[in-house]
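J.: entry13.csv is reproduced below (CSV, C-alpha atoms and all ligand atoms).
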```csv
chain,number,residue,atom,x,y,z
A,1,MET,CA,-1.9,0.3,-0.8
A,2,GLN,CA,-1.0,-3.2,-2.0
A,3,GLU,CA,-4.0,-5.0,-3.1
A,4,GLY,CA,-4.7,-8.6,-2.3
A,5,ILE,CA,-4.1,-11.3,-4.9
A,6,ASN,CA,-7.2,-12.8,-6.4
A,7,ILE,CA,-6.5,-15.8,-8.6
A,8,PHE,CA,-9.0,-17.3,-10.9
A,9,GLU,CA,-9.4,-20.7,-12.4
A,10,GLN,CA,-7.7,-20.2,-15.7
A,11,ASP,CA,-4.6,-18.4,-14.4
A,12,PHE,CA,-4.3,-21.0,-11.7
A,13,TRP,CA,-4.0,-23.8,-14.2
A,14,SER,CA,-1.5,-21.9,-16.3
A,15,ILE,CA,0.6,-21.4,-13.2
A,16,ASN,CA,0.4,-25.0,-12.2
A,17,ASP,CA,1.2,-26.1,-15.8
A,18,ALA,CA,4.4,-23.9,-15.8
A,19,MET,CA,5.5,-25.4,-12.5
A,20,ASN,CA,4.8,-29.0,-13.5
A,21,ARG,CA,7.0,-28.5,-16.6
A,22,LEU,CA,9.7,-27.1,-14.4
A,23,LEU,CA,9.5,-30.0,-12.1
A,24,GLN,CA,9.8,-32.5,-14.9
A,25,GLY,CA,12.5,-30.5,-16.8
A,26,THR,CA,14.8,-30.3,-13.8
A,27,HIS,CA,13.9,-33.5,-11.8
A,28,ALA,CA,13.5,-31.3,-8.8
A,29,LYS,CA,11.6,-32.8,-5.8
A,30,ILE,CA,9.2,-30.1,-4.8
A,31,ILE,CA,8.4,-26.6,-6.2
A,32,LEU,CA,6.3,-24.1,-4.2
A,33,LEU,CA,4.9,-20.7,-5.1
A,34,ILE,CA,4.5,-18.4,-2.2
A,35,ASP,CA,3.4,-14.8,-2.0
A,36,ARG,CA,5.8,-12.4,-0.2
A,37,GLU,CA,3.4,-12.2,2.7
A,38,GLY,CA,4.1,-15.9,3.4
A,39,GLN,CA,1.0,-17.5,2.0
A,40,LEU,CA,1.3,-20.6,-0.1
A,41,ILE,CA,-0.3,-20.1,-3.6
A,42,THR,CA,0.3,-23.6,-5.0
A,43,SER,CA,2.9,-26.4,-5.1
A,44,THR,CA,3.9,-29.3,-7.2
A,45,GLY,CA,5.8,-32.5,-6.4
A,46,ASP,CA,5.4,-34.7,-3.3
A,47,THR,CA,4.6,-32.4,-0.4
A,48,SER,CA,2.9,-35.1,1.7
A,49,ARG,CA,5.7,-35.2,4.3
A,50,MET,CA,6.3,-31.5,4.3
A,51,ASP,CA,4.8,-28.7,6.5
A,52,THR,CA,4.1,-26.4,3.6
A,53,SER,CA,2.5,-23.7,5.7
A,54,SER,CA,5.6,-23.3,7.8
A,55,PHE,CA,7.8,-23.5,4.8
A,56,ALA,CA,5.9,-20.7,3.1
A,57,THR,CA,6.1,-18.4,6.1
A,58,LEU,CA,9.7,-19.0,6.7
A,59,SER,CA,10.6,-18.6,3.0
A,60,ALA,CA,8.9,-15.2,3.0
A,61,ALA,CA,10.6,-14.2,6.2
A,62,ASP,CA,13.9,-15.4,4.7
A,63,PHE,CA,13.3,-13.4,1.6
A,64,ALA,CA,12.2,-10.3,3.5
A,65,ALA,CA,15.2,-10.3,5.7
A,66,THR,CA,17.5,-10.9,2.7
A,67,SER,CA,16.1,-8.0,0.7
A,68,GLN,CA,16.7,-5.7,3.7
A,69,LEU,CA,20.3,-6.9,3.7
A,70,ALA,CA,20.4,-6.1,0.0
A,71,SER,CA,19.3,-2.6,0.6
A,72,LEU,CA,21.8,-2.2,3.4
A,73,ILE,CA,24.6,-2.8,0.9
A,74,GLY,CA,23.1,-0.7,-1.8
A,75,GLU,CA,21.4,-3.4,-3.8
A,76,ARG,CA,17.8,-3.1,-4.8
A,77,GLU,CA,17.1,-6.7,-4.3
A,78,PHE,CA,18.7,-10.2,-4.5
A,79,SER,CA,16.5,-11.7,-7.0
A,80,THR,CA,17.6,-15.3,-6.2
A,81,LEU,CA,18.8,-17.1,-3.1
A,82,PHE,CA,20.5,-20.5,-2.9
A,83,HIS,CA,20.7,-22.6,0.3
A,84,GLN,CA,22.9,-25.7,-0.1
A,85,GLY,CA,22.5,-28.7,2.2
A,86,GLU,CA,24.2,-32.1,2.3
A,87,ARG,CA,21.5,-33.7,0.4
A,88,GLU,CA,18.7,-31.3,-0.2
A,89,ASN,CA,19.1,-27.8,-1.8
A,90,LEU,CA,16.9,-24.9,-2.1
A,91,TYR,CA,16.9,-22.4,-4.9
A,92,VAL,CA,14.6,-19.4,-4.5
A,93,SER,CA,13.7,-16.8,-7.1
A,94,LEU,CA,11.5,-13.7,-7.0
A,95,VAL,CA,8.7,-13.4,-9.6
A,96,ALA,CA,7.2,-10.1,-10.6
A,97,ASP,CA,8.5,-8.5,-7.3
A,98,ARG,CA,5.7,-10.1,-5.3
A,99,ILE,CA,5.9,-13.9,-5.6
A,100,ILE,CA,8.5,-16.4,-4.4
A,101,LEU,CA,9.3,-19.5,-6.4
A,102,ALA,CA,11.1,-22.1,-4.3
A,103,VAL,CA,12.7,-25.2,-5.9
A,104,ILE,CA,13.8,-28.0,-3.7
A,105,PHE,CA,16.2,-30.5,-5.3
A,106,ASP,CA,18.7,-33.1,-4.5
A,107,ASN,CA,21.7,-34.7,-6.3
A,108,ARG,CA,19.5,-36.2,-9.1
A,109,THR,CA,20.0,-32.8,-10.7
A,110,THR,CA,22.4,-29.9,-10.7
A,111,LEU,CA,22.2,-26.2,-9.6
A,112,GLY,CA,23.2,-25.3,-13.2
A,113,LEU,CA,20.2,-27.0,-14.7
A,114,VAL,CA,17.8,-25.7,-12.0
A,115,ARG,CA,19.1,-22.2,-12.5
A,116,VAL,CA,18.7,-22.2,-16.3
A,117,LYS,CA,15.2,-23.8,-16.3
A,118,THR,CA,14.0,-21.8,-13.5
A,119,LYS,CA,14.9,-18.6,-15.2
A,120,SER,CA,12.6,-19.3,-18.1
A,121,THR,CA,9.8,-20.4,-15.8
A,122,VAL,CA,10.1,-17.2,-13.9
A,123,ALA,CA,9.7,-15.2,-17.1
A,124,GLU,CA,6.6,-17.3,-17.9
A,125,LEU,CA,5.1,-16.8,-14.4
A,126,GLU,CA,5.9,-13.1,-14.5
A,127,LYS,CA,3.7,-12.7,-17.6
A,128,ILE,CA,0.8,-14.6,-15.9
A,129,PHE,CA,1.1,-12.6,-12.7
A,130,ARG,CA,1.3,-9.2,-14.4
A,131,GLY,CA,-2.0,-10.1,-15.9
A,132,ILE,CA,-3.4,-11.1,-12.6
A,133,PHE,CA,-2.3,-7.9,-10.9
A,134,ASN,CA,-3.7,-5.8,-13.8
A,135,LYS,CA,-7.0,-7.6,-13.4
A,136,VAL,CA,-7.0,-6.8,-9.7
A,137,ARG,CA,-6.4,-3.2,-10.4
A,138,ARG,CA,-9.1,-2.9,-13.0
A,139,GLU,CA,-11.8,-4.7,-11.1
A,140,SER,CA,-10.5,-4.0,-7.6
A,141,GLY,CA,-11.5,-7.4,-6.4
A,142,PRO,CA,-14.3,-9.3,-8.0
A,143,ARG,CA,-15.5,-10.7,-4.7
A,144,LYS,CA,-19.1,-11.6,-5.4
A,145,GLU,CA,-18.8,-14.9,-3.6
A,146,ILE,CA,-17.5,-13.3,-0.4
A,147,ASP,CA,-20.7,-11.6,0.6
A,148,ASP,CA,-22.7,-10.9,3.8
A,149,ASP,CA,-23.8,-14.5,3.7
A,150,PHE,CA,-20.2,-15.6,3.8
A,151,THR,CA,-19.5,-13.2,6.7
A,152,ARG,CA,-22.4,-14.5,8.7
A,153,MET,CA,-21.4,-18.2,8.3
A,154,ALA,CA,-17.8,-17.4,9.1
A,155,GLU,CA,-18.9,-15.6,12.3
A,156,GLU,CA,-20.9,-18.6,13.4
A,157,GLU,CA,-17.9,-20.8,12.8
A,158,ILE,CA,-15.6,-18.5,14.8
A,159,ASP,CA,-18.0,-18.5,17.7
A,160,LYS,CA,-18.1,-22.3,17.6
A,161,LEU,CA,-14.3,-22.9,17.3
A,162,PHE,CA,-13.1,-20.1,19.5
A,163,GLY,CA,-15.9,-20.4,22.0
A,164,MET,CA,-13.7,-21.4,24.9
B,165,MET,CA,-3.9,-8.1,2.1
B,166,ALA,CA,-5.7,-11.4,2.1
B,167,LEU,CA,-5.0,-13.9,-0.6
B,168,ILE,CA,-8.2,-15.2,-2.2
B,169,ASN,CA,-7.6,-18.1,-4.5
B,170,TYR,CA,-10.8,-18.7,-6.4
B,171,ALA,CA,-9.3,-21.7,-8.2
B,172,SER,CA,-8.1,-23.7,-5.1
B,173,ARG,CA,-10.9,-21.9,-3.2
B,174,GLU,CA,-8.8,-20.6,-0.3
B,175,ILE,CA,-8.9,-17.4,1.7
B,176,ASN,CA,-5.9,-16.6,3.9
B,177,SER,CA,-5.9,-13.6,6.2
B,178,LYS,CA,-3.1,-12.2,8.3
B,179,ILE,CA,-3.5,-11.1,11.9
B,180,VAL,CA,-0.6,-9.4,13.7
B,181,PHE,CA,-0.2,-9.1,17.4
B,182,TYR,CA,1.6,-5.8,18.1
B,183,GLY,CA,2.7,-4.1,21.2
B,184,PRO,CA,5.6,-3.3,23.6
B,185,GLY,CA,8.2,-5.9,24.6
B,186,LEU,CA,7.1,-8.3,27.3
B,187,GLY,CA,3.5,-7.2,26.9
B,188,GLY,CA,2.2,-10.7,26.4
B,189,LYS,CA,1.9,-11.2,22.6
B,190,THR,CA,3.6,-14.5,22.5
B,191,THR,CA,1.7,-15.6,25.6
B,192,ASN,CA,-1.6,-14.9,23.7
B,193,ILE,CA,-0.6,-17.0,20.7
B,194,LYS,CA,0.8,-19.8,22.8
B,195,TYR,CA,-2.5,-20.0,24.8
B,196,VAL,CA,-4.5,-20.1,21.6
B,197,TYR,CA,-2.2,-22.9,20.4
B,198,SER,CA,-2.6,-24.9,23.6
B,199,LYS,CA,-6.4,-24.7,23.5
B,200,LEU,CA,-7.3,-25.3,19.8
B,201,ASN,CA,-8.3,-28.6,18.5
B,202,PRO,CA,-5.3,-30.2,16.7
B,203,SER,CA,-7.4,-30.6,13.5
B,204,ILE,CA,-7.7,-26.8,13.0
B,205,LYS,CA,-4.3,-25.6,14.0
B,206,GLY,CA,-0.9,-25.9,12.2
B,207,LYS,CA,2.5,-25.9,13.8
B,208,LEU,CA,3.5,-23.0,16.0
B,209,ILE,CA,6.7,-21.5,14.8
B,210,SER,CA,8.7,-19.2,17.2
B,211,LEU,CA,11.8,-17.4,16.0
B,212,ALA,CA,13.0,-16.4,19.5
B,213,THR,CA,16.1,-15.6,21.4
B,214,GLU,CA,17.5,-18.1,24.0
B,215,LEU,CA,15.7,-16.0,26.6
B,216,ASP,CA,12.4,-16.5,24.9
B,217,ARG,CA,12.1,-13.0,23.6
B,218,THR,CA,10.6,-12.9,20.1
B,219,LEU,CA,13.4,-12.3,17.6
B,220,PHE,CA,11.5,-12.2,14.3
B,221,PHE,CA,8.0,-13.6,14.8
B,222,ASP,CA,5.8,-16.3,16.1
B,223,PHE,CA,3.5,-17.8,13.6
B,224,LEU,CA,0.4,-20.0,14.0
B,225,PRO,CA,-2.0,-20.9,11.1
B,226,VAL,CA,-5.6,-21.5,12.2
B,227,ASP,CA,-8.1,-23.2,9.9
B,228,LEU,CA,-11.7,-22.1,10.1
B,229,GLY,CA,-12.8,-24.9,7.8
B,230,THR,CA,-14.8,-24.5,4.6
B,231,ILE,CA,-17.2,-21.7,4.4
B,232,LYS,CA,-19.3,-21.3,1.3
B,233,GLY,CA,-16.8,-23.5,-0.4
B,234,PHE,CA,-13.8,-21.5,0.6
B,235,ASN,CA,-11.2,-23.0,2.9
B,236,THR,CA,-10.8,-20.1,5.3
B,237,ARG,CA,-7.6,-19.7,7.2
B,238,PHE,CA,-6.1,-17.1,9.6
B,239,HIS,CA,-2.4,-16.7,9.9
B,240,LEU,CA,-1.5,-15.3,13.3
B,241,TYR,CA,1.8,-13.5,13.8
B,242,THR,CA,3.4,-11.7,16.7
B,243,VAL,CA,6.1,-9.1,16.2
B,244,PRO,CA,9.1,-8.6,18.4
B,245,GLY,CA,8.2,-5.8,20.8
B,246,GLN,CA,11.7,-4.7,21.7
B,247,VAL,CA,12.5,-1.3,20.3
B,248,PHE,CA,15.6,-2.2,18.4
B,249,TYR,CA,13.8,-4.9,16.3
B,250,ASN,CA,11.9,-2.3,14.3
B,251,ALA,CA,13.1,-3.6,10.9
B,252,SER,CA,11.6,-7.0,11.7
B,253,ARG,CA,8.4,-5.4,12.9
B,254,LYS,CA,8.0,-3.5,9.7
B,255,LEU,CA,8.5,-6.7,7.7
B,256,ILE,CA,5.8,-8.6,9.6
B,257,LEU,CA,3.3,-5.9,9.0
B,258,LYS,CA,3.5,-6.4,5.3
B,259,GLY,CA,0.1,-7.5,4.0
B,260,VAL,CA,-1.6,-7.3,7.4
B,261,ASP,CA,-5.4,-7.7,7.5
B,262,GLY,CA,-6.0,-7.1,11.2
B,263,ILE,CA,-4.1,-6.0,14.3
B,264,VAL,CA,-4.3,-6.9,18.0
B,265,PHE,CA,-2.5,-4.3,20.0
B,266,VAL,CA,-1.5,-6.0,23.3
B,267,ALA,CA,-0.9,-3.3,25.9
B,268,ASP,CA,0.9,-3.9,29.2
B,269,SER,CA,-1.3,-2.6,32.0
B,270,GLN,CA,1.5,-2.1,34.5
B,271,ILE,CA,2.0,1.5,35.5
B,272,GLU,CA,5.7,1.4,34.8
B,273,ARG,CA,5.0,0.3,31.2
B,274,PHE,CA,2.6,3.1,30.5
B,275,ASP,CA,4.9,5.1,28.2
B,276,GLU,CA,6.0,2.0,26.3
B,277,ASN,CA,2.4,1.4,25.2
B,278,ILE,CA,2.2,4.9,23.8
B,279,GLU,CA,5.5,4.6,22.0
B,280,SER,CA,4.6,1.2,20.5
B,281,LEU,CA,1.2,2.5,19.2
B,282,ASP,CA,3.0,5.4,17.7
B,283,ASN,CA,5.6,3.0,16.2
B,284,LEU,CA,2.7,1.0,14.7
B,285,ASN,CA,1.3,4.0,13.0
B,286,ASP,CA,4.7,4.8,11.5
B,287,ASN,CA,5.3,1.3,10.3
B,288,LEU,CA,1.8,1.1,8.8
B,289,LYS,CA,2.6,4.3,6.9
B,290,ALA,CA,5.6,2.6,5.4
B,291,HIS,CA,3.3,0.1,3.8
B,292,ASN,CA,0.8,2.9,2.8
B,293,LEU,CA,-1.6,1.7,5.4
B,294,THR,CA,-3.4,3.5,8.2
B,295,LEU,CA,-5.6,2.4,11.1
B,296,ASP,CA,-8.6,3.7,9.2
B,297,LYS,CA,-8.1,0.9,6.8
B,298,VAL,CA,-6.9,-2.0,8.9
B,299,PRO,CA,-9.1,-3.3,11.7
B,300,LEU,CA,-7.6,-3.0,15.2
B,301,VAL,CA,-8.6,-4.5,18.6
B,302,LEU,CA,-7.0,-3.4,21.8
B,303,GLN,CA,-6.1,-5.8,24.6
B,304,TYR,CA,-5.3,-4.5,28.1
B,305,ASN,CA,-3.2,-7.3,29.4
B,306,LYS,CA,-1.8,-8.3,32.8
B,307,ARG,CA,-4.9,-7.2,34.7
B,308,ASP,CA,-3.9,-9.7,37.4
B,309,LEU,CA,-1.0,-7.6,38.6
B,310,PRO,CA,-1.2,-5.2,41.6
B,311,ASN,CA,0.2,-1.9,40.2
B,312,ILE,CA,-1.8,-1.3,37.0
B,313,THR,CA,-3.2,1.6,35.2
B,314,SER,CA,-7.0,1.9,35.3
B,315,VAL,CA,-8.8,0.9,32.1
B,316,GLU,CA,-10.3,4.4,32.0
B,317,GLU,CA,-6.8,5.9,31.8
B,318,LEU,CA,-5.6,3.4,29.2
B,319,GLN,CA,-8.6,4.2,27.1
B,320,ASN,CA,-8.0,7.9,27.5
B,321,ILE,CA,-4.5,7.6,26.1
B,322,LEU,CA,-4.7,4.7,23.6
B,323,ASN,CA,-8.3,4.9,22.5
B,324,PRO,CA,-9.5,8.4,23.2
B,325,ARG,CA,-12.2,8.4,20.6
B,326,ASN,CA,-13.3,4.9,21.6
B,327,GLU,CA,-12.8,3.8,18.0
B,328,TYR,CA,-11.6,0.4,18.8
B,329,ARG,CA,-13.1,-2.5,20.7
B,330,TYR,CA,-11.0,-3.4,23.8
B,331,PHE,CA,-10.7,-6.3,26.1
B,332,GLU,CA,-9.1,-6.8,29.5
B,333,ALA,CA,-7.0,-9.8,29.7
B,334,VAL,CA,-4.7,-12.0,31.8
B,335,ALA,CA,-3.0,-13.8,28.9
B,336,THR,CA,-1.1,-16.2,31.2
B,337,GLN,CA,-4.4,-17.6,32.4
B,338,GLY,CA,-6.1,-17.3,29.1
B,339,ILE,CA,-8.5,-14.7,30.3
B,340,GLY,CA,-9.7,-12.4,27.5
B,341,VAL,CA,-7.5,-14.2,24.9
B,342,PHE,CA,-10.2,-15.9,22.8
B,343,GLU,CA,-12.5,-12.9,23.2
B,344,THR,CA,-9.9,-10.7,21.6
B,345,LEU,CA,-9.1,-13.2,18.9
B,346,LYS,CA,-12.8,-13.7,18.0
B,347,GLU,CA,-13.4,-10.0,17.7
B,348,ILE,CA,-10.4,-9.4,15.4
B,349,CYS,CA,-11.2,-12.4,13.2
B,350,LYS,CA,-14.8,-11.2,12.7
B,351,GLN,CA,-13.7,-7.7,11.8
B,352,VAL,CA,-11.2,-9.0,9.3
B,353,LEU,CA,-13.8,-11.2,7.6
B,354,LYS,CA,-16.2,-8.2,7.5
B,355,ALA,CA,-13.6,-6.2,5.8
B,356,LEU,CA,-13.2,-8.9,3.1
B,357,ALA,CA,-16.9,-8.8,2.1
A,401,LIG,N1,1.3,-11.6,35.4
A,401,LIG,C1,1.1,-11.7,34.1
A,401,LIG,N2,2.2,-12.0,33.4
A,401,LIG,C2,2.0,-12.1,32.0
A,401,LIG,C3,0.7,-11.9,31.4
A,401,LIG,N3,0.9,-12.0,30.1
A,401,LIG,C4,2.2,-12.3,29.9
A,401,LIG,N4,2.9,-12.3,31.0
A,401,LIG,C5,4.3,-12.6,31.2
A,401,LIG,O1,5.1,-11.6,30.6
A,401,LIG,C6,6.3,-12.0,30.1
A,401,LIG,C7,6.4,-11.7,28.6
A,401,LIG,O2,5.4,-12.3,27.9
A,401,LIG,P1,5.6,-12.6,26.3
A,401,LIG,O3,4.3,-13.1,25.8
A,401,LIG,O4,6.8,-13.3,26.0
A,401,LIG,O5,5.8,-11.0,25.8
A,401,LIG,P2,5.9,-10.5,24.3
A,401,LIG,O6,5.0,-9.4,24.1
A,401,LIG,O7,5.8,-11.6,23.3
A,401,LIG,O8,7.4,-9.9,24.3
A,401,LIG,P3,8.5,-9.7,23.1
A,401,LIG,O9,8.5,-11.0,22.4
A,401,LIG,O10,9.7,-9.3,23.6
A,401,LIG,O11,7.9,-8.6,22.2
A,401,LIG,C8,6.3,-13.5,30.3
A,401,LIG,O12,7.0,-13.8,31.4
A,401,LIG,C9,4.8,-13.9,30.5
A,401,LIG,O13,4.6,-15.0,31.3
A,401,LIG,C10,-0.4,-11.6,32.3
A,401,LIG,O14,-1.5,-11.4,31.8
A,401,LIG,N5,-0.1,-11.5,33.6
A,402,MG,MG,7.1,-12.4,21.9
```
Would you write out, as structure tokens, the structure that this file holds?
T.:
Amino acid sequence: MQEGINIFEQDFWSINDAMNRLLQGTHAKIILLIDREGQLITSTGDTSRMDTSSFATLSAADFAATSQLASLIGEREFSTLFHQGERENLYVSLVADRIILAVIFDNRTTLGLVRVKTKSTVAELEKIFRGIFNKVRRESGPRKEIDDDFTRMAEEEIDKLFGM
Amino acid sequence: MALINYASREINSKIVFYGPGLGGKTTNIKYVYSKLNPSIKGKLISLATELDRTLFFDFLPVDLGTIKGFNTRFHLYTVPGQVFYNASRKLILKGVDGIVFVADSQIERFDENIESLDNLNDNLKAHNLTLDKVPLVLQYNKRDLPNITSVEELQNILNPRNEYRYFEAVATQGIGVFETLKEICKQVLKALA
């Protein structure tokens, strides 16, 4: 069974740091990190006018569909995807088989630069995530804060919000 | 499985509405969307055919707010029920935390419910999951129609050991929709702790 991903403080900042450096190094507009199940992990750049939740879900769906296409033609995986628009472009890479890195950029930069810089960021992120996955496996979810108390409070909230 | 981000303090869980084509999965999620306060719901995304059949999925994020410092969110998905979209159904199940099985109560849909539940089991297996590990709630939908199977009979076939909670529903009128949703959300959160 695939375990959930539990990300703790220190890893989270290393991840953000790597993404910020990529943003600056490429002059991309927005970079998002999404798990393959469609949940946004973190983002950098100006996302104020973007529906990041929808973006995350659709990227994951896009990647999932594409990887099925890959297997239909005998490829294990397409590790990167590129969608070209008139002004905005999207470059997507797979990190450690389970995470999607999406770089949104316009004509202030080039695909070549984005590709080269992204490659090294992916390597960096892979190292961090392998560490995270190993931790998860060893400790199988250090969920001390998600306890009965949490469940009780969440149930109250559910009753209140869905009480129609 | 749920994404728990201790640094940004977020918990996201995935709930999938499964069941035969035309059973009312999309109707459920649209009703939820129409009733929820705008501050707690995100955009409803529907990847559908021109005839309004689900092609890939519907998606609705629902924000429960902050609980013990964790921003707690449910991602609701529907699968396409039509038999030939199985590849998509399998993809949507990836990382599922809870399932609502929407059964169509109409007598002429009886077999389709059985086949769809069987298909759910197969597809879970492909992700190394089983219904022992993933919470499931049953919804017997379309109770407003005249020629329907009795709940007893539906239970006998779909839930013979009475393992799962079930709700009768008329999704088009919203009857039973939030009851079902509440139950699955609670079961999912219980499984997290
Ligand atoms: N009478 C009645 N009709 C219903 C009910 N629920 C759904 N319907 C109708 O059934 C049809 C199919 O509903 P959908 O919600 O699109 O079904 P679905 O399960 O999403 O179907 P797929 O996307 O093909 O898998 C629509 O015309 C709905 O209005 C109900 O409780 N009673
Ligand atoms: Mg549908």
J.: Got a sec to pull out which chain A residues are within 10 Å of chain B, counting only C-alpha atoms, and send them as JSON, numbers by chain?
T.: {"A": [1, 2, 3, 4, 5, 6, 7, 8, 9, 10, 11, 12, 13, 35, 36, 37, 38, 39, 40, 41, 42, 51, 52, 53, 54, 57, 58, 60, 61, 64, 65, 68, 141, 143, 144, 145, 146, 147, 148, 149, 150, 151, 152, 153, 154, 155, 156, 157, 158, 159, 160, 161, 162, 163, 164]}
J.: How many Å separate CA of Asn320 (chain B) from CA of Pro299 (chain B)?
T.: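 CA of Pro299 (chain B) lies 19.4 Å from CA of Asn320 (chain B).
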J.: Looking at only C-alpha atoms, which of A:Val95, A:Ile100, A:Val116, A:Ile73 is the one that sits closest to Arg130 (chain A)?
T.: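 Checking each candidate against Arg130 (chain A), we get A:Val95 as the closest.
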J.: Taking every listed atom of ligand LIG 401 (chain A) and adding 8 Å to each side, what centre and edge lengths in Å (one decimal) does the axis-aligned box have, as lines of an AutoDock Vina configuration file?
T.:
```
center_x = 4.1
center_y = -11.8
center_z = 28.8
size_x = 27.2
size_y = 22.4
size_z = 29.2
```
J.: Residues within 12 Å of ligand MG 402 (chain A), counting only C-alpha atoms and all ligand atoms: report them as an MDAnalysis selection string.
T.: chainID B and resid 180:194 209:213 215:223 241:246 249 253 266
J.: Create the file for the chosen residues now, containing C-alpha atoms and written as a PDB file, in the frame of the given file.
T.:
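Below is the file result31.pdb, written as the result:
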```pdb
ATOM      1  CA  VAL B 180      -0.600  -9.400  13.700  1.00  0.00           C
ATOM      2  CA  PHE B 181      -0.200  -9.100  17.400  1.00  0.00           C
ATOM      3  CA  TYR B 182       1.600  -5.800  18.100  1.00  0.00           C
ATOM      4  CA  GLY B 183       2.700  -4.100  21.200  1.00  0.00           C
ATOM      5  CA  PRO B 184       5.600  -3.300  23.600  1.00  0.00           C
ATOM      6  CA  GLY B 185       8.200  -5.900  24.600  1.00  0.00           C
ATOM      7  CA  LEU B 186       7.100  -8.300  27.300  1.00  0.00           C
ATOM      8  CA  GLY B 187       3.500  -7.200  26.900  1.00  0.00           C
ATOM      9  CA  GLY B 188       2.200 -10.700  26.400  1.00  0.00           C
ATOM     10  CA  LYS B 189       1.900 -11.200  22.600  1.00  0.00           C
ATOM     11  CA  THR B 190       3.600 -14.500  22.500  1.00  0.00           C
ATOM     12  CA  THR B 191       1.700 -15.600  25.600  1.00  0.00           C
ATOM     13  CA  ASN B 192      -1.600 -14.900  23.700  1.00  0.00           C
ATOM     14  CA  ILE B 193      -0.600 -17.000  20.700  1.00  0.00           C
ATOM     15  CA  LYS B 194       0.800 -19.800  22.800  1.00  0.00           C
ATOM     16  CA  ILE B 209       6.700 -21.500  14.800  1.00  0.00           C
ATOM     17  CA  SER B 210       8.700 -19.200  17.200  1.00  0.00           C
ATOM     18  CA  LEU B 211      11.800 -17.400  16.000  1.00  0.00           C
ATOM     19  CA  ALA B 212      13.000 -16.400  19.500  1.00  0.00           C
ATOM     20  CA  THR B 213      16.100 -15.600  21.400  1.00  0.00           C
ATOM     21  CA  LEU B 215      15.700 -16.000  26.600  1.00  0.00           C
ATOM     22  CA  ASP B 216      12.400 -16.500  24.900  1.00  0.00           C
ATOM     23  CA  ARG B 217      12.100 -13.000  23.600  1.00  0.00           C
ATOM     24  CA  THR B 218      10.600 -12.900  20.100  1.00  0.00           C
ATOM     25  CA  LEU B 219      13.400 -12.300  17.600  1.00  0.00           C
ATOM     26  CA  PHE B 220      11.500 -12.200  14.300  1.00  0.00           C
ATOM     27  CA  PHE B 221       8.000 -13.600  14.800  1.00  0.00           C
ATOM     28  CA  ASP B 222       5.800 -16.300  16.100  1.00  0.00           C
ATOM     29  CA  PHE B 223       3.500 -17.800  13.600  1.00  0.00           C
ATOM     30  CA  TYR B 241       1.800 -13.500  13.800  1.00  0.00           C
ATOM     31  CA  THR B 242       3.400 -11.700  16.700  1.00  0.00           C
ATOM     32  CA  VAL B 243       6.100  -9.100  16.200  1.00  0.00           C
ATOM     33  CA  PRO B 244       9.100  -8.600  18.400  1.00  0.00           C
ATOM     34  CA  GLY B 245       8.200  -5.800  20.800  1.00  0.00           C
ATOM     35  CA  GLN B 246      11.700  -4.700  21.700  1.00  0.00           C
ATOM     36  CA  TYR B 249      13.800  -4.900  16.300  1.00  0.00           C
ATOM     37  CA  ARG B 253       8.400  -5.400  12.900  1.00  0.00           C
ATOM     38  CA  VAL B 266      -1.500  -6.000  23.300  1.00  0.00           C
TER      39      VAL B 266
END
```
J.: One number please: CA of Asp97 (chain A) to CA of Leu300 (chain B), in Å, one decimal.
T.: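 Between CA of Asp97 (chain A) and CA of Leu300 (chain B) the gap works out to 28.2 Å.
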J.: Go through B:Ile271, B:Thr344, B:Leu322, B:Phe265 and flag the residue nearest ligand LIG 401 (chain A), using only C-alpha atoms and all ligand atoms for the distances.
T.: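 Going through B:Ile271, B:Thr344, B:Leu322, B:Phe265 one by one, the smallest distance to ligand LIG 401 (chain A) is for B:Phe265.
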J.: Let me make sure I understand: among B:Arg307, B:Lys205, B:Lys254, B:Arg273, which one has the smallest atom-to-atom distance to ligand LIG 401 (chain A) if we use all atoms listed in the file?
T.: B:Arg307
J.: What is the distance, in Å and to one decimal place, between CA of Val298 (chain B) and atom N1 of ligand LIG 401 (chain A)?
T.: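 It comes out at 29.4 Å.
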J.: So that I can check the surroundings of Ala28 (chain A), please list as a PyMOL selection string every protein, DNA and RNA residue that reaches within 8 Å of it, counting all atoms listed in the file and ignoring chain neighbours fewer than 3 positions away.
T.: chain A and resi 22-24+31+103-106+108-109+114
J.: Residues near Thr121 (chain A), anyone? I mean within 9 Å using only C-alpha atoms, not counting same-chain ones fewer than 5 positions away, as an MDAnalysis selection string.
T.: chainID A and resid 18:19 21:22 126
J.: Got time to write the residues from that selection, C-alpha atoms, as a short mmCIF file (atom, residue, chain, number, x, y, z; two decimals), in the frame of the given file?
T.:
```cif
data_model
loop_
_atom_site.label_atom_id
_atom_site.label_comp_id
_atom_site.auth_asym_id
_atom_site.auth_seq_id
_atom_site.Cartn_x
_atom_site.Cartn_y
_atom_site.Cartn_z
CA ALA A 18 4.40 -23.90 -15.80
CA MET A 19 5.50 -25.40 -12.50
CA ARG A 21 7.00 -28.50 -16.60
CA LEU A 22 9.70 -27.10 -14.40
CA GLU A 126 5.90 -13.10 -14.50
#
```
J.: Find the residues near Leu113 (chain A): any atom within 10 Å, counting all atoms listed in the file, skip ones fewer than 2 places away on the same chain, and give them as a list in words.
T.: Gly25, Thr26, His27, Ala28, Thr109, Thr110, Leu111, Arg115, Val116, Lys117, Thr118 and Lys119 of chain A
J.: When you count all atoms listed in the file, which of these residues is closest to ligand LIG 401 (chain A): B:Asn311, B:Asn305, B:Asn285, B:Asn250?
T.: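 Among B:Asn311, B:Asn305, B:Asn285, B:Asn250, it is B:Asn305 that comes nearest to ligand LIG 401 (chain A).
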